[in-house]
>>> print(open('protein27.pdb').read())   # PDB, C-alpha atoms and all ligand atoms
ATOM      1  CA  MET X 638     -15.890 122.578  69.436
ATOM      2  CA  LEU X 639     -17.343 126.048  69.193
ATOM      3  CA  LYS X 640     -14.923 128.162  71.173
ATOM      4  CA  ASP X 641     -14.244 131.710  70.122
ATOM      5  CA  PHE X 642     -17.651 133.224  69.449
ATOM      6  CA  ASN X 643     -19.586 135.615  71.673
ATOM      7  CA  ILE X 644     -23.252 135.268  70.659
ATOM      8  CA  LYS X 645     -25.774 138.067  71.263
ATOM      9  CA  GLN X 646     -29.356 137.006  70.561
ATOM     10  CA  TYR X 647     -32.284 139.316  69.802
ATOM     11  CA  ASP X 648     -35.965 138.868  69.078
ATOM     12  CA  SER X 649     -36.711 141.513  66.451
ATOM     13  CA  VAL X 650     -34.238 144.044  65.044
ATOM     14  CA  ARG X 651     -34.104 146.298  61.993
ATOM     15  CA  SER X 652     -31.089 144.416  60.681
ATOM     16  CA  THR X 653     -28.425 142.358  62.450
ATOM     17  CA  GLN X 654     -25.950 144.146  60.150
ATOM     18  CA  ASP X 655     -26.996 147.505  61.660
ATOM     19  CA  ILE X 656     -26.495 146.230  65.208
ATOM     20  CA  ALA X 657     -23.084 144.833  64.302
ATOM     21  CA  LYS X 658     -22.161 148.068  62.542
ATOM     22  CA  ALA X 659     -23.167 150.140  65.591
ATOM     23  CA  PHE X 660     -20.928 147.990  67.825
ATOM     24  CA  CYS X 661     -18.031 148.500  65.400
ATOM     25  CA  LEU X 662     -18.545 152.273  65.254
ATOM     26  CA  GLU X 663     -18.969 152.775  69.006
ATOM     27  CA  GLY X 664     -15.822 150.734  69.741
ATOM     28  CA  SER X 665     -17.447 147.854  71.631
ATOM     29  CA  ALA X 666     -17.147 145.236  68.873
ATOM     30  CA  LYS X 667     -14.771 142.337  69.276
ATOM     31  CA  ASP X 668     -13.468 139.803  66.824
ATOM     32  CA  MET X 669     -15.951 136.907  66.545
ATOM     33  CA  ASP X 670     -18.935 138.719  68.067
ATOM     34  CA  ILE X 671     -22.136 137.256  66.631
ATOM     35  CA  ILE X 672     -25.518 138.941  66.357
ATOM     36  CA  VAL X 673     -28.495 136.625  65.813
ATOM     37  CA  ALA X 674     -32.135 137.657  65.458
ATOM     38  CA  LEU X 675     -35.427 135.829  65.024
ATOM     39  CA  HIS X 676     -36.877 138.604  62.859
ATOM     40  CA  GLN X 677     -35.630 141.638  60.918
ATOM     41  CA  SER X 678     -37.893 144.512  59.960
ATOM     42  CA  ASP X 679     -35.395 145.977  57.506
ATOM     43  CA  GLY X 680     -33.116 143.120  56.489
ATOM     44  CA  ARG X 681     -30.969 143.855  53.473
ATOM     45  CA  GLY X 682     -29.306 141.791  50.807
ATOM     46  CA  ARG X 683     -26.679 142.410  48.159
ATOM     47  CA  MET X 684     -27.172 145.196  45.613
ATOM     48  CA  ASN X 685     -29.291 147.166  48.121
ATOM     49  CA  ARG X 686     -32.107 144.642  47.872
ATOM     50  CA  LYS X 687     -34.513 143.987  50.689
ATOM     51  CA  TRP X 688     -34.046 140.684  52.532
ATOM     52  CA  VAL X 689     -37.489 139.655  53.751
ATOM     53  CA  SER X 690     -36.838 138.292  57.246
ATOM     54  CA  ASP X 691     -39.918 136.900  58.953
ATOM     55  CA  TYR X 692     -39.921 134.671  62.021
ATOM     56  CA  GLY X 693     -38.759 131.159  61.176
ATOM     57  CA  GLY X 694     -35.578 132.110  59.292
ATOM     58  CA  LEU X 695     -31.999 132.426  60.466
ATOM     59  CA  TYR X 696     -30.414 135.900  60.445
ATOM     60  CA  ILE X 697     -26.820 136.184  61.571
ATOM     61  CA  SER X 698     -24.081 138.813  61.482
ATOM     62  CA  VAL X 699     -20.540 137.769  62.317
ATOM     63  CA  ILE X 700     -17.985 140.440  63.188
ATOM     64  CA  LEU X 701     -14.399 139.622  62.247
ATOM     65  CA  GLU X 702     -11.283 141.650  62.801
ATOM     66  CA  VAL X 703      -9.518 140.294  59.755
ATOM     67  CA  LYS X 704      -5.813 140.696  60.264
ATOM     68  CA  ARG X 705      -4.999 140.428  56.591
ATOM     69  CA  GLU X 706      -4.774 143.102  53.877
ATOM     70  CA  VAL X 707      -8.150 144.564  52.879
ATOM     71  CA  ALA X 708      -7.692 143.451  49.245
ATOM     72  CA  LEU X 709      -8.055 139.838  50.454
ATOM     73  CA  TRP X 710     -11.256 140.394  52.436
ATOM     74  CA  PRO X 711     -13.637 139.528  49.561
ATOM     75  CA  GLN X 712     -12.262 135.969  49.774
ATOM     76  CA  ILE X 713     -14.094 135.656  53.087
ATOM     77  CA  SER X 714     -17.235 135.552  51.034
ATOM     78  CA  TYR X 715     -16.150 132.134  49.760
ATOM     79  CA  VAL X 716     -15.154 131.041  53.279
ATOM     80  CA  ALA X 717     -18.676 131.903  54.462
ATOM     81  CA  GLY X 718     -20.451 130.319  51.482
ATOM     82  CA  VAL X 719     -18.558 127.046  51.848
ATOM     83  CA  SER X 720     -19.244 127.010  55.598
ATOM     84  CA  VAL X 721     -22.988 127.490  55.179
ATOM     85  CA  ALA X 722     -23.200 124.848  52.431
ATOM     86  CA  GLU X 723     -21.222 122.329  54.508
ATOM     87  CA  ALA X 724     -23.359 123.034  57.579
ATOM     88  CA  ILE X 725     -26.560 122.437  55.625
ATOM     89  CA  SER X 726     -25.335 119.263  53.939
ATOM     90  CA  GLN X 727     -24.377 117.809  57.309
ATOM     91  CA  LEU X 728     -27.920 118.252  58.632
ATOM     92  CA  CYS X 729     -29.857 117.766  55.439
ATOM     93  CA  THR X 730     -28.568 114.643  53.792
ATOM     94  CA  THR X 731     -31.347 114.361  51.213
ATOM     95  CA  SER X 732     -30.406 117.486  49.246
ATOM     96  CA  TYR X 733     -26.985 118.689  48.263
ATOM     97  CA  PRO X 734     -26.467 122.462  48.584
ATOM     98  CA  ARG X 735     -24.764 124.322  45.787
ATOM     99  CA  LEU X 736     -23.199 127.766  45.652
ATOM    100  CA  LYS X 737     -24.034 130.191  42.900
ATOM    101  CA  TRP X 738     -21.226 132.708  42.446
ATOM    102  CA  VAL X 739     -20.385 134.230  44.582
ATOM    103  CA  ASN X 740     -22.288 132.870  47.519
ATOM    104  CA  ASP X 741     -25.993 132.353  46.982
ATOM    105  CA  ILE X 742     -26.962 129.123  48.699
ATOM    106  CA  LEU X 743     -29.073 126.928  46.414
ATOM    107  CA  LEU X 744     -31.009 123.737  46.928
ATOM    108  CA  GLN X 745     -32.325 122.171  43.748
ATOM    109  CA  GLU X 746     -31.505 125.403  41.901
ATOM    110  CA  GLN X 747     -33.612 127.542  44.232
ATOM    111  CA  LYS X 748     -32.099 130.146  46.526
ATOM    112  CA  ILE X 749     -32.528 129.354  50.196
ATOM    113  CA  GLY X 750     -29.883 131.683  51.573
ATOM    114  CA  GLY X 751     -27.424 134.443  50.874
ATOM    115  CA  ILE X 752     -24.392 136.209  52.252
ATOM    116  CA  LEU X 753     -23.594 139.902  52.451
ATOM    117  CA  LEU X 754     -20.170 141.313  53.349
ATOM    118  CA  GLU X 755     -19.805 144.824  54.738
ATOM    119  CA  ALA X 756     -16.581 146.453  55.935
ATOM    120  CA  VAL X 757     -16.748 148.897  58.845
ATOM    121  CA  GLU X 758     -13.548 150.471  60.146
ATOM    122  CA  LYS X 759     -11.141 147.619  60.933
ATOM    123  CA  PHE X 760     -13.924 145.012  60.910
ATOM    124  CA  LEU X 761     -15.643 142.866  58.331
ATOM    125  CA  ILE X 762     -19.279 141.976  59.010
ATOM    126  CA  ILE X 763     -20.535 138.763  57.407
ATOM    127  CA  GLY X 764     -24.329 138.764  57.111
ATOM    128  CA  ILE X 765     -25.897 135.352  56.628
ATOM    129  CA  GLY X 766     -29.589 134.871  55.908
ATOM    130  CA  ILE X 767     -31.202 131.439  55.540
ATOM    131  CA  ASN X 768     -34.849 130.782  54.733
ATOM    132  CA  ILE X 769     -35.842 127.894  56.953
ATOM    133  CA  ASN X 770     -39.525 127.977  57.779
ATOM    134  CA  ASN X 771     -40.374 131.617  57.112
ATOM    135  CA  GLU X 772     -42.684 133.282  54.636
ATOM    136  CA  ILE X 773     -40.918 134.324  51.463
ATOM    137  CA  ASP X 774     -42.014 136.846  48.910
ATOM    138  CA  PRO X 775     -41.826 135.293  45.420
ATOM    139  CA  SER X 776     -42.192 138.717  43.792
ATOM    140  CA  SER X 777     -38.996 140.043  45.376
ATOM    141  CA  MET X 778     -37.192 136.682  45.099
ATOM    142  CA  PRO X 779     -38.426 134.696  42.109
ATOM    143  CA  HIS X 780     -36.173 131.661  42.568
ATOM    144  CA  ALA X 781     -36.407 131.442  46.339
ATOM    145  CA  ALA X 782     -37.354 128.515  48.538
ATOM    146  CA  VAL X 783     -37.219 127.554  52.204
ATOM    147  CA  LEU X 784     -35.004 124.860  53.656
ATOM    148  CA  LYS X 785     -37.958 123.060  55.301
ATOM    149  CA  GLN X 786     -39.234 122.165  51.824
ATOM    150  CA  PHE X 787     -36.217 119.957  51.279
ATOM    151  CA  CYS X 788     -35.345 119.081  54.817
ATOM    152  CA  PRO X 789     -38.466 119.023  57.042
ATOM    153  CA  LYS X 790     -36.619 118.090  60.232
ATOM    154  CA  ILE X 791     -34.002 120.830  60.088
ATOM    155  CA  ASP X 792     -33.415 122.483  63.464
ATOM    156  CA  ARG X 793     -32.618 126.223  63.445
ATOM    157  CA  ILE X 794     -30.354 126.140  66.508
ATOM    158  CA  LYS X 795     -28.401 123.129  65.286
ATOM    159  CA  LEU X 796     -27.963 124.837  61.937
ATOM    160  CA  LEU X 797     -26.708 128.018  63.626
ATOM    161  CA  HIS X 798     -24.254 125.983  65.684
ATOM    162  CA  ASN X 799     -23.032 124.063  62.633
ATOM    163  CA  ILE X 800     -22.582 127.210  60.545
ATOM    164  CA  LEU X 801     -20.509 128.861  63.276
ATOM    165  CA  LEU X 802     -18.427 125.737  63.768
ATOM    166  CA  ARG X 803     -17.680 125.444  60.056
ATOM    167  CA  LEU X 804     -16.973 129.141  59.809
ATOM    168  CA  GLN X 805     -14.554 128.974  62.708
ATOM    169  CA  ASN X 806     -12.690 126.051  61.089
ATOM    170  CA  ASN X 807     -12.680 127.354  57.516
ATOM    171  CA  TYR X 808     -11.660 130.850  58.605
ATOM    172  CA  ALA X 809      -8.744 129.313  60.495
ATOM    173  CA  VAL X 810      -7.786 127.407  57.310
ATOM    174  CA  TRP X 811      -7.899 130.649  55.301
ATOM    175  CA  LEU X 812      -5.779 132.528  57.859
ATOM    176  CA  GLU X 813      -3.264 129.701  58.034
ATOM    177  CA  ASP X 814      -3.089 128.412  54.447
ATOM    178  CA  GLY X 815      -4.626 131.173  52.346
ATOM    179  CA  PHE X 816      -7.255 130.995  49.624
ATOM    180  CA  ILE X 817      -6.194 127.869  47.688
ATOM    181  CA  PRO X 818      -7.837 125.238  49.957
ATOM    182  CA  ILE X 819     -10.987 127.374  50.213
ATOM    183  CA  ARG X 820     -11.039 127.741  46.433
ATOM    184  CA  SER X 821     -11.028 123.996  45.930
ATOM    185  CA  MET X 822     -13.817 123.489  48.516
ATOM    186  CA  TRP X 823     -15.853 126.184  46.778
ATOM    187  CA  LEU X 824     -15.310 124.666  43.326
ATOM    188  CA  HIS X 825     -16.669 121.330  44.591
ATOM    189  CA  LEU X 826     -19.862 123.092  45.645
ATOM    190  CA  ALA X 827     -20.184 125.476  42.707
ATOM    191  CA  GLN X 828     -23.292 125.520  40.569
ATOM    192  CA  GLY X 829     -22.960 125.831  36.831
ATOM    193  CA  ILE X 830     -19.307 125.210  36.010
ATOM    194  CA  SER X 831     -18.950 124.887  32.214
ATOM    195  CA  GLN X 832     -22.368 126.446  31.630
ATOM    196  CA  SER X 833     -23.247 129.498  29.602
ATOM    197  CA  ILE X 834     -23.741 132.483  31.875
ATOM    198  CA  LYS X 835     -24.227 136.214  31.934
ATOM    199  CA  VAL X 836     -22.585 138.398  34.561
ATOM    200  CA  ALA X 837     -23.948 141.863  35.270
ATOM    201  CA  VAL X 838     -21.245 144.276  36.402
ATOM    202  CA  GLY X 839     -22.939 147.620  36.976
ATOM    203  CA  SER X 840     -24.809 148.311  33.759
ATOM    204  CA  GLN X 841     -22.576 146.055  31.653
ATOM    205  CA  VAL X 842     -23.427 142.446  30.873
ATOM    206  CA  HIS X 843     -20.621 139.977  30.189
ATOM    207  CA  GLU X 844     -21.416 136.685  28.464
ATOM    208  CA  GLY X 845     -19.486 133.458  28.167
ATOM    209  CA  ILE X 846     -18.818 130.081  29.750
ATOM    210  CA  PHE X 847     -18.277 129.919  33.512
ATOM    211  CA  ILE X 848     -14.939 128.150  34.009
ATOM    212  CA  GLY X 849     -14.517 128.591  37.757
ATOM    213  CA  ILE X 850     -12.569 131.080  39.857
ATOM    214  CA  ASP X 851      -8.896 131.969  39.914
ATOM    215  CA  ASN X 852      -6.344 131.841  42.725
ATOM    216  CA  ILE X 853      -7.464 135.150  44.186
ATOM    217  CA  GLY X 854     -11.218 134.682  43.875
ATOM    218  CA  ARG X 855     -12.119 136.282  40.542
ATOM    219  CA  LEU X 856     -14.708 134.587  38.322
ATOM    220  CA  ARG X 857     -13.218 133.160  35.110
ATOM    221  CA  LEU X 858     -15.386 133.673  32.064
ATOM    222  CA  MET X 859     -14.424 132.135  28.736
ATOM    223  CA  LYS X 860     -15.487 134.445  25.925
ATOM    224  CA  PRO X 861     -16.685 133.224  22.499
ATOM    225  CA  ASP X 862     -13.199 134.018  21.083
ATOM    226  CA  SER X 863     -11.678 131.717  23.794
ATOM    227  CA  THR X 864     -10.027 134.551  25.712
ATOM    228  CA  ILE X 865     -10.575 134.551  29.463
ATOM    229  CA  GLU X 866     -12.072 137.462  31.306
ATOM    230  CA  TYR X 867     -11.629 137.845  35.070
ATOM    231  CA  ILE X 868     -14.489 139.386  37.042
ATOM    232  CA  GLU X 869     -14.088 140.570  40.627
ATOM    233  CA  ALA X 870     -17.678 141.374  41.510
ATOM    234  CA  GLY X 871     -21.074 141.282  39.882
ATOM    235  CA  GLU X 872     -24.182 139.195  39.607
ATOM    236  CA  MET X 873     -24.258 135.946  37.708
ATOM    237  CA  PHE X 874     -27.229 134.569  35.802
ATOM    238  CA  PHE X 875     -27.659 131.165  34.197
ATOM    239  CA  ASP X 876     -29.430 131.029  30.891
ATOM    240  CA  THR X 877     -32.419 129.400  32.628
ATOM    241  CA  HIS X 878     -32.636 132.288  35.150
ATOM    242  CA  LYS X 879     -32.871 135.224  32.761
TER     243      LYS X 879
HETATM  244  C1  LIG D 901     -28.119 138.241  49.556
HETATM  245  O1  LIG D 901     -28.510 139.256  48.953
HETATM  246  O2  LIG D 901     -28.192 137.134  49.045
HETATM  247  C2  LIG D 901     -27.536 138.390  50.935
HETATM  248  C3  LIG D 901     -28.582 138.329  52.007
HETATM  249  C4  LIG D 901     -28.010 138.555  53.384
HETATM  250  C5  LIG D 901     -29.097 138.616  54.445
HETATM  251  C6  LIG D 901     -28.529 138.639  55.829
HETATM  252  S1  LIG D 901     -29.739 138.252  57.066
HETATM  253  C7  LIG D 901     -28.612 138.683  58.310
HETATM  254  C8  LIG D 901     -27.902 139.936  57.836
HETATM  255  N1  LIG D 901     -28.703 141.107  58.162
HETATM  256  C9  LIG D 901     -29.141 141.725  57.070
HETATM  257  O3  LIG D 901     -29.848 142.759  57.058
HETATM  258  N2  LIG D 901     -28.713 141.089  55.973
HETATM  259  C10 LIG D 901     -27.906 139.934  56.300
END
>>> encode(input="protein27.pdb", output="structure tokens")
Amino acid sequence: MLKDFNIKQYDSVRSTQDIAKAFCLEGSAKDMDIIVALHQSDGRGRMNRKWVSDYGGLYISVILEVKREVALWPQISYVAGVSVAEAISQLCTTSYPRLKWVNDILLQEQKIGGILLEAVEKFLIIGIGININNEIDPSSMPHAAVLKQFCPKIDRIKLLHNILLRLQNNYAVWLEDGFIPIRSMWLHLAQGISQSIKVAVGSQVHEGIFIGIDNIGRLRLMKPDSTIEYIEAGEMFFDTHK
């Protein structure tokens, strides 16, 4: 049952992240407040990219007061990715969602959603964007697709409900039992384990074989000399997505 969330719904906003951020800064935000909009005029993604957010998509920001040390907060990214993938697979049984490190949501190797984490004061804001039946811009997102392509009967409200339910449960697991159970859920959903990848970290590119993530959430990259490199943050590319 969906119990703890307080959902605020909007028609069009600049960005649900901005609304959430304003609540955090003005002192009115509470743990588990949710901002949902039908449209964003200035949606943003990771790496300062634009997140095109026309009507028909799902745009959510979840405010959490994470009562754990800040160094662990990036693990919530995995909690959110797993929750979105589980929510989609429950409603869309014909296609199996995959997660591209760290939390791009893929269907048949095309990106249909993404997650952005932003910390503001004592809060963490999880931004979730899913392309459902909205226009997408192939020039800004070359490997993008919409969920309706794979799952024509998907219902936006049911998906929202399912995502929040999964998030509530998986977040409770993380708070109670830590990262290990989340790590194993994520590994089951991961795209590209054992494949050759490149990871861009700032201006540096690291190459090797993707061999999963470690017990604290760092990507494990096996180098040509068989040593293992641990990467905390960056952008991963498969050889087919150069
Ligand atoms: C990514 O780059 O893959 C992350 C995209 C995150 C988009 C969501 S949509 C809801 C929230 N509001 C925003 O402006 N961005 C996030």
>>> residues_near_ligand(input="protein27.pdb", ligand="ligand LIG 901 (chain D)", cutoff="7 Å", atoms="all atoms listed in the file", output="list in words")
Ser652, Thr653, Gln654, Asp679, Gly680, Arg681, Gly682, Arg683, Met684, Arg686, Trp688, Tyr696, Ile697, Ser698, Asp741, Gly750, Gly751, Ile752, Leu753, Gly764, Ile765 and Gly766 of chain X
>>> atom_distance(input="protein27.pdb", atom1="atom CA of Val757 of chain X", atom2="atom CA of Lys667 of chain X")
12.5 Å
>>> residues_around(input="protein27.pdb", residues="Leu744 of chain X", least_positions_apart="4", cutoff="12 Å", atoms="all atoms listed in the file", output="PyMOL selection string")
chain X and resi 722+725-726+729-737+748-751+767-769+780-788+826-828
>>> write_last_selection(input="protein27.pdb", atoms="C-alpha atoms", output="compact mmCIF listing (two decimals), keeping the file's coordinate frame")
# COMPACT_ATOMS: atom_id res chain seq x y z
CA ALA X 722 -23.20 124.85 52.43
CA ILE X 725 -26.56 122.44 55.62
CA SER X 726 -25.34 119.26 53.94
CA CYS X 729 -29.86 117.77 55.44
CA THR X 730 -28.57 114.64 53.79
CA THR X 731 -31.35 114.36 51.21
CA SER X 732 -30.41 117.49 49.25
CA TYR X 733 -26.98 118.69 48.26
CA PRO X 734 -26.47 122.46 48.58
CA ARG X 735 -24.76 124.32 45.79
CA LEU X 736 -23.20 127.77 45.65
CA LYS X 737 -24.03 130.19 42.90
CA LYS X 748 -32.10 130.15 46.53
CA ILE X 749 -32.53 129.35 50.20
CA GLY X 750 -29.88 131.68 51.57
CA GLY X 751 -27.42 134.44 50.87
CA ILE X 767 -31.20 131.44 55.54
CA ASN X 768 -34.85 130.78 54.73
CA ILE X 769 -35.84 127.89 56.95
CA HIS X 780 -36.17 131.66 42.57
CA ALA X 781 -36.41 131.44 46.34
CA ALA X 782 -37.35 128.51 48.54
CA VAL X 783 -37.22 127.55 52.20
CA LEU X 784 -35.00 124.86 53.66
CA LYS X 785 -37.96 123.06 55.30
CA GLN X 786 -39.23 122.16 51.82
CA PHE X 787 -36.22 119.96 51.28
CA CYS X 788 -35.34 119.08 54.82
CA LEU X 826 -19.86 123.09 45.64
CA ALA X 827 -20.18 125.48 42.71
CA GLN X 828 -23.29 125.52 40.57
>>> residues_near_point(input="protein27.pdb", point="(-26.1, 140.6, 67.7)", cutoff="7 Å", atoms="all atoms listed in the file", output="PyMOL selection string")
chain X and resi 644-647+653+656-657+671-673+698
>>> closest_residue(input="protein27.pdb", among="X:Asp774, X:Glu755, X:Asp655, X:Glu663", to="Ile713 of chain X", atoms="only C-alpha atoms")
X:Glu755
>>> axis_aligned_box(input="protein27.pdb", around="segment 757-773 of chain X", padding_each_side="4 Å", output="AutoDock Vina command-line options")
--center_x -26.9 --center_y 139.2 --center_z 56.2 --size_x 39.5 --size_y 30.6 --size_z 17.5
>>> residues_around(input="protein27.pdb", residues="Ile834 of chain X", least_positions_apart="6", cutoff="8 Å", atoms="all atoms listed in the file", output="VMD selection string")
chain X and resid 844 to 847 873 to 876
>>> resolve_selection(input="protein27.pdb", expression="the PyMOL selection byres (((chain X and resi 803) around 10) and not hetatm)", output="PyMOL selection string")
chain X and resi 638-639+716-717+719-724+798-802+804-809
>>> closest_residue(input="protein27.pdb", among="X:Gln727, X:Glu702, X:Gly815, X:Arg651", to="Lys795 of chain X", atoms="only C-alpha atoms")
X:Gln727
>>> atom_distance(input="protein27.pdb", atom1="atom CA of Ile742 of chain X", atom2="atom CA of Ser714 of chain X")
11.9 Å
>>> build_atoms(input="protein27.pdb", residues="segment 758-788 of chain X", atoms="N, CA and C atoms", output="PDB file, in the frame of the given file")
ATOM      1  N   GLU X 758     -14.816 150.193  59.465  1.00  0.00           N
ATOM      2  CA  GLU X 758     -13.548 150.471  60.146  1.00  0.00           C
ATOM      3  C   GLU X 758     -12.610 149.277  59.969  1.00  0.00           C
ATOM      4  N   LYS X 759     -12.095 148.725  61.085  1.00  0.00           N
ATOM      5  CA  LYS X 759     -11.141 147.619  60.933  1.00  0.00           C
ATOM      6  C   LYS X 759     -11.837 146.262  60.884  1.00  0.00           C
ATOM      7  N   PHE X 760     -13.175 146.268  60.843  1.00  0.00           N
ATOM      8  CA  PHE X 760     -13.924 145.012  60.910  1.00  0.00           C
ATOM      9  C   PHE X 760     -14.596 144.655  59.578  1.00  0.00           C
ATOM     10  N   LEU X 761     -14.816 143.357  59.426  1.00  0.00           N
ATOM     11  CA  LEU X 761     -15.643 142.866  58.331  1.00  0.00           C
ATOM     12  C   LEU X 761     -16.870 142.216  58.967  1.00  0.00           C
ATOM     13  N   ILE X 762     -18.054 142.580  58.466  1.00  0.00           N
ATOM     14  CA  ILE X 762     -19.279 141.976  59.010  1.00  0.00           C
ATOM     15  C   ILE X 762     -19.844 141.030  57.951  1.00  0.00           C
ATOM     16  N   ILE X 763     -19.964 139.759  58.330  1.00  0.00           N
ATOM     17  CA  ILE X 763     -20.535 138.763  57.407  1.00  0.00           C
ATOM     18  C   ILE X 763     -21.999 138.597  57.780  1.00  0.00           C
ATOM     19  N   GLY X 764     -22.893 138.961  56.876  1.00  0.00           N
ATOM     20  CA  GLY X 764     -24.329 138.764  57.111  1.00  0.00           C
ATOM     21  C   GLY X 764     -24.777 137.492  56.424  1.00  0.00           C
ATOM     22  N   ILE X 765     -25.429 136.628  57.186  1.00  0.00           N
ATOM     23  CA  ILE X 765     -25.897 135.352  56.628  1.00  0.00           C
ATOM     24  C   ILE X 765     -27.405 135.254  56.848  1.00  0.00           C
ATOM     25  N   GLY X 766     -28.138 135.037  55.789  1.00  0.00           N
ATOM     26  CA  GLY X 766     -29.589 134.871  55.908  1.00  0.00           C
ATOM     27  C   GLY X 766     -29.988 133.537  55.307  1.00  0.00           C
ATOM     28  N   ILE X 767     -30.735 132.728  56.068  1.00  0.00           N
ATOM     29  CA  ILE X 767     -31.202 131.439  55.540  1.00  0.00           C
ATOM     30  C   ILE X 767     -32.712 131.351  55.726  1.00  0.00           C
ATOM     31  N   ASN X 768     -33.409 131.040  54.638  1.00  0.00           N
ATOM     32  CA  ASN X 768     -34.849 130.782  54.733  1.00  0.00           C
ATOM     33  C   ASN X 768     -35.024 129.368  55.252  1.00  0.00           C
ATOM     34  N   ILE X 769     -35.651 129.249  56.418  1.00  0.00           N
ATOM     35  CA  ILE X 769     -35.842 127.894  56.953  1.00  0.00           C
ATOM     36  C   ILE X 769     -37.324 127.536  56.918  1.00  0.00           C
ATOM     37  N   ASN X 770     -38.099 128.286  57.692  1.00  0.00           N
ATOM     38  CA  ASN X 770     -39.525 127.977  57.779  1.00  0.00           C
ATOM     39  C   ASN X 770     -40.314 129.282  57.765  1.00  0.00           C
ATOM     40  N   ASN X 771     -39.777 130.280  57.107  1.00  0.00           N
ATOM     41  CA  ASN X 771     -40.374 131.617  57.112  1.00  0.00           C
ATOM     42  C   ASN X 771     -41.133 131.868  55.810  1.00  0.00           C
ATOM     43  N   GLU X 772     -41.993 132.861  55.862  1.00  0.00           N
ATOM     44  CA  GLU X 772     -42.684 133.282  54.636  1.00  0.00           C
ATOM     45  C   GLU X 772     -41.656 133.900  53.703  1.00  0.00           C
ATOM     46  N   ILE X 773     -41.773 133.616  52.411  1.00  0.00           N
ATOM     47  CA  ILE X 773     -40.918 134.324  51.463  1.00  0.00           C
ATOM     48  C   ILE X 773     -41.799 135.040  50.454  1.00  0.00           C
ATOM     49  N   ASP X 774     -41.223 136.040  49.838  1.00  0.00           N
ATOM     50  CA  ASP X 774     -42.014 136.846  48.910  1.00  0.00           C
ATOM     51  C   ASP X 774     -41.536 136.544  47.489  1.00  0.00           C
ATOM     52  N   PRO X 775     -42.290 135.709  46.756  1.00  0.00           N
ATOM     53  CA  PRO X 775     -41.826 135.293  45.420  1.00  0.00           C
ATOM     54  C   PRO X 775     -41.650 136.468  44.462  1.00  0.00           C
ATOM     55  N   SER X 776     -42.344 137.595  44.728  1.00  0.00           N
ATOM     56  CA  SER X 776     -42.192 138.717  43.792  1.00  0.00           C
ATOM     57  C   SER X 776     -40.829 139.381  43.960  1.00  0.00           C
ATOM     58  N   SER X 777     -40.309 139.423  45.220  1.00  0.00           N
ATOM     59  CA  SER X 777     -38.996 140.043  45.376  1.00  0.00           C
ATOM     60  C   SER X 777     -37.875 139.020  45.175  1.00  0.00           C
ATOM     61  N   MET X 778     -38.206 137.733  45.245  1.00  0.00           N
ATOM     62  CA  MET X 778     -37.192 136.682  45.099  1.00  0.00           C
ATOM     63  C   MET X 778     -37.755 135.546  44.271  1.00  0.00           C
ATOM     64  N   PRO X 779     -37.721 135.660  42.965  1.00  0.00           N
ATOM     65  CA  PRO X 779     -38.426 134.696  42.109  1.00  0.00           C
ATOM     66  C   PRO X 779     -37.926 133.255  42.208  1.00  0.00           C
ATOM     67  N   HIS X 780     -36.664 133.047  42.525  1.00  0.00           N
ATOM     68  CA  HIS X 780     -36.173 131.661  42.568  1.00  0.00           C
ATOM     69  C   HIS X 780     -35.896 131.210  43.987  1.00  0.00           C
ATOM     70  N   ALA X 781     -36.686 131.735  44.932  1.00  0.00           N
ATOM     71  CA  ALA X 781     -36.407 131.442  46.339  1.00  0.00           C
ATOM     72  C   ALA X 781     -37.200 130.243  46.842  1.00  0.00           C
ATOM     73  N   ALA X 782     -36.670 129.630  47.879  1.00  0.00           N
ATOM     74  CA  ALA X 782     -37.354 128.515  48.538  1.00  0.00           C
ATOM     75  C   ALA X 782     -36.959 128.532  50.007  1.00  0.00           C
ATOM     76  N   VAL X 783     -37.606 127.672  50.792  1.00  0.00           N
ATOM     77  CA  VAL X 783     -37.219 127.554  52.204  1.00  0.00           C
ATOM     78  C   VAL X 783     -36.653 126.156  52.443  1.00  0.00           C
ATOM     79  N   LEU X 784     -35.719 126.106  53.372  1.00  0.00           N
ATOM     80  CA  LEU X 784     -35.004 124.860  53.656  1.00  0.00           C
ATOM     81  C   LEU X 784     -35.946 123.727  54.077  1.00  0.00           C
ATOM     82  N   LYS X 785     -37.002 124.081  54.818  1.00  0.00           N
ATOM     83  CA  LYS X 785     -37.958 123.060  55.301  1.00  0.00           C
ATOM     84  C   LYS X 785     -38.577 122.242  54.167  1.00  0.00           C
ATOM     85  N   GLN X 786     -38.675 122.881  52.968  1.00  0.00           N
ATOM     86  CA  GLN X 786     -39.234 122.165  51.824  1.00  0.00           C
ATOM     87  C   GLN X 786     -38.424 120.917  51.510  1.00  0.00           C
ATOM     88  N   PHE X 787     -37.114 121.038  51.672  1.00  0.00           N
ATOM     89  CA  PHE X 787     -36.217 119.957  51.279  1.00  0.00           C
ATOM     90  C   PHE X 787     -35.813 119.104  52.476  1.00  0.00           C
ATOM     91  N   CYS X 788     -35.931 119.695  53.645  1.00  0.00           N
ATOM     92  CA  CYS X 788     -35.345 119.081  54.817  1.00  0.00           C
ATOM     93  C   CYS X 788     -36.278 119.373  56.013  1.00  0.00           C
TER      94      CYS X 788
END
